[in-house]
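Below is one structure, written out as structure tokens; the observations come after it.
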Amino acid sequence: MNESQVTPMSAPVNPGTALVTARERALAVLGGEPDDQTLGRYLHGIPGVDAVGLEQRAAALGTRSIKTTSKRWALDKIISLIDLTTLEGADTPGKVRSLVAKAMNPDPADPTVPRVAAVCVYGDMVPFAIEALGAAHGDPDDGLISVAAVATAFPSGRSSLEIKLADTAEAVAAGADEIDMVIDRGAFLAGRYGEVFDQIAAVKEACRRPDGTSASLKVILETGELVTYDNVRRASWLAILAGGDFIKTSTGKVAPAATLPVTLLMLEVVRDWHRLTGHRVGVKPAGGIRSSKDAIKYLVTVAETVGEEWLVPHLFRFGASSLLNDVLLQRQKMTSGHYSGADYVTID
Amino acid sequence: MSRLAVPKTYKLYIGGAFPRSESGRTYEVVAADGRFLANAAKASRKDARDAVVAARGAVAGWAGATAYNRGQVLYRIAEVLEGRRAQFAAEIEEVEGVSRAVAAAQVDEAIDRWVWYAGWADKFAQVAGNANPVAGPYFNISVPEPSGVIAVIAPQDSSLVGFVSALAPALVAGNSVVIVASERFPLSSISLAEVLATSDVPKGVVNVLTGSPAEIAPWLASHADVNAIDLVGAGGLDWVSLEIDAADTLKRVLRPENGPDAAAPALGRITAFTETKTVWHTKSLR
């Protein structure tokens, strides 16, 4: 069952040393400069994915029965891991403000509901989100809410590197704490791995703030366009090697978006990377997770694949919008003892 | 050579599909003489929840259809039912242990009630609504609007007529319905669901649960997304506490009725599941 335990051969790396930069780490693992050839040799040297085994494993993890106190814990945990998202052409400052209000106080009738981890908006909406958050803006690990911005010509990623970097720098300058970038799927599928690597590394560089700190970088693989599990595994390795702090399944604009097998596969890469280097990378399934029941399956998968210590906002997120309301309805059911309805949660 | 019997699986009807109970439970339905007839699904509270979700999703489309169109659809049910009279009569004959003539008369009565209620679809608003006289240059118009999702506990001592008499009026105004069939006589209800599924009724507008009303009714009565509950067949249950549960979320409640005249055709059964909307509109701008 554990065919997925991939440990690519590489030069020994000193794990957990803070002095090791992302690039040095990548060079040590790759054993050479990250050009098309080296990356191609490395990524194609990773064993293929056993698709049947992967889907079976995911399905098995989805059958766990989570009830009563565990379910209550899971529901609160899900809320605290949500990136509450609005990524529409029709977004307005008012829409962002109402999203932020919901992020801070998901259920107005129940103050015990935790806050979500972050709000995720287009780059030009970052100032409005920050203004609306006020004192609640900060690190989700401290119970505050961070602001994530999608950048690099989201969702298609079809523009020049200059525009992508400018897009990123503008969002960071506006105060975004996290940048959700898309990879160039065209270049990836054409085998131009070096180009994808360089773009991610450049965007990572653009996330740097003047004070030396850096916005966290989530790399969207858009697994729905990568076609095969093998490609997803390669893209995950590539994104991590290039310095991504998070690997994210999808933009939410392409079907299929996040699925449990794909997320499991990405978690396995993250686990292998951690074993190899001692460095922790986050995972964010996004799009298509609408029910509490589905979200709980993801929690189980994370806990069983990389361990419960990954269930924290800086290592695991749900990219979702309608999921929150379903979790709130489930929570109301557990609190009141009877079923609730859409009239008892806010509309978004 | 005799043919192998092909017994029918009686399942639930939720959101236009025929699923088994989420719980996997069934119960035995027996003929009047105690003979085993079929296994019917025994719905759980989660089936009830799923049914309410399906019903809620169907309200907008059904309520938004024109009254004329709703009338056509309800009439279509009667048409399709007419074509399957023999099947229903045979089913009722077995389950209730009555003569074929009595069973056929029950089917005819059920068909006639569908037709009667179908006719009301584009007429009841004229009776229940009004243009109100007001002291000002305004039109003041009251119109009945559907309540939303209606839970119904069908009459327990009738196979088809009771079920139809409770279901049809709730549909007329544009509500969607979650109906709990007679526990003892559930087979005609599921067969009727097959008729509904093939007569242009949008999926989710009618959801049929079979099983124990005593078990399911409290969950429907307390469900915050149910707008009204018709307890017509709940006479044998602790219906007072159901009414109290329903009051928590300000549901409209129709109380139990007993005897052969339970849920007799009446305009009141249609208007019970409507809300009166009154609008003011200027008569003219001068």
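Residue numbering restarts at 1 for every chain of the structure tokens, chains are lettered A, B, ... in their displayed order, and ligands are numbered from 1 as they appear.
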
Each residue of chain B with at least one atom at most 8 Å from chain A should appear once, together with its nearest atom pair and the corresponding distance in Å (one decimal); atoms considered: only C-alpha atoms; ordering: chain, then increasing residue number; output as a tab-separated table.
residue	atom	partner	partner_atom	distance
B:Arg49	CA	A:Tyr339	CA	7.3
B:Trp219	CA	A:His338	CA	6.7
B:Ser222	CA	A:His338	CA	5.9
B:His223	CA	A:Tyr339	CA	4.7
B:Ala224	CA	A:Ser340	CA	4.6
B:Asp225	CA	A:Gly341	CA	4.3

Practice problem: Quick one: pick out all strand (DSSP E) residues within range 69-282 of chain B from a backbone DSSP run and write them as a ChimeraX atom specification. | Solution: /B:130-132,138-146,149-153,176-180,206-209,228-230,252-254,274-282

Practice problem: Among the residues of range 16-180 of chain B, find those DSSP assigns to alpha helix (DSSP H) from the backbone and print them as a ChimeraX atom specification. | Solution: /B:45-64,67-83,85-96,100-120,124-128,161-172

Quiz item: Leaving out range 154-170 of chain B and any residue of its chain fewer than 6 positions from it, which residues lie within 7 Å of it when counting only C-alpha atoms, given as a list in words?
Solution: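 My list of contacting residues is Ile92, Gln106, Val107, Glu109, Ala110, Arg113, Trp114, Tyr117, Ile179, Val180, Ala181, Ser182, Glu183, Phe185, Pro186, Ser188, Ser189, Val232, Gly233, Ala263, Ala264, Pro265, Arg269, Ile270 and Phe273 of chain B.
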
Exercise. Find the residues near range 100-107 of chain A: any atom within 10 Å, counting only C-alpha atoms, skip ones fewer than 3 places away on the same chain, and give them as a PyMOL selection string.
Key: chain A and resi 79-80+82-85+94-97+110-120+128-133+136-137+144-145+147+324-325+328-329+331-332+344-348

Quiz item: So, counting only C-alpha atoms, which residue among A:Thr86, A:Thr68, A:Ser236, A:Ser216 is closest to Ala320 in chain A?
Solution: A:Thr86

Exercise. Write out as number ranges by chain which residues come within 7 Å of Asn175 in chain B when counting only C-alpha atoms, dropping same-chain ones fewer than 2 positions away.
Key: B: 59, 63, 146-150, 170-171, 173, 177

Practice problem: Considering only C-alpha atoms, return as a ChimeraX atom specification whatever protein or nucleic-acid residues lie within 12 Å of Gln199 in chain A, sequence-local ones (same chain, fewer than 4 positions apart) excluded. | Solution: /A:34,152,157,159-165,168,181-185,187-188,192-195,203-206,219,238-239,242-244

Self-check item: Shortest interatomic distance to Arg317 in chain A - which of A:His44, A:Arg275, A:Arg72, A:Lys248, counting only C-alpha atoms
Solution: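 Smallest separation from Arg317 in chain A among the options: A:Lys248.
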
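Of the listed residues A:Ala173, A:Leu217, A:Ala151, A:Ala26, the one whose atoms come nearest to Pro127 in chain A is A:Ala173, with distances taken using only C-alpha atoms.
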
Exercise. Name the residues in contact with range 279-282 of chain B at a cut-off of 10 Å, using only C-alpha atoms, excluding same-chain residues fewer than 6 positions from it; report them as number ranges by chain.
Key: B: 131-132, 134, 136-143
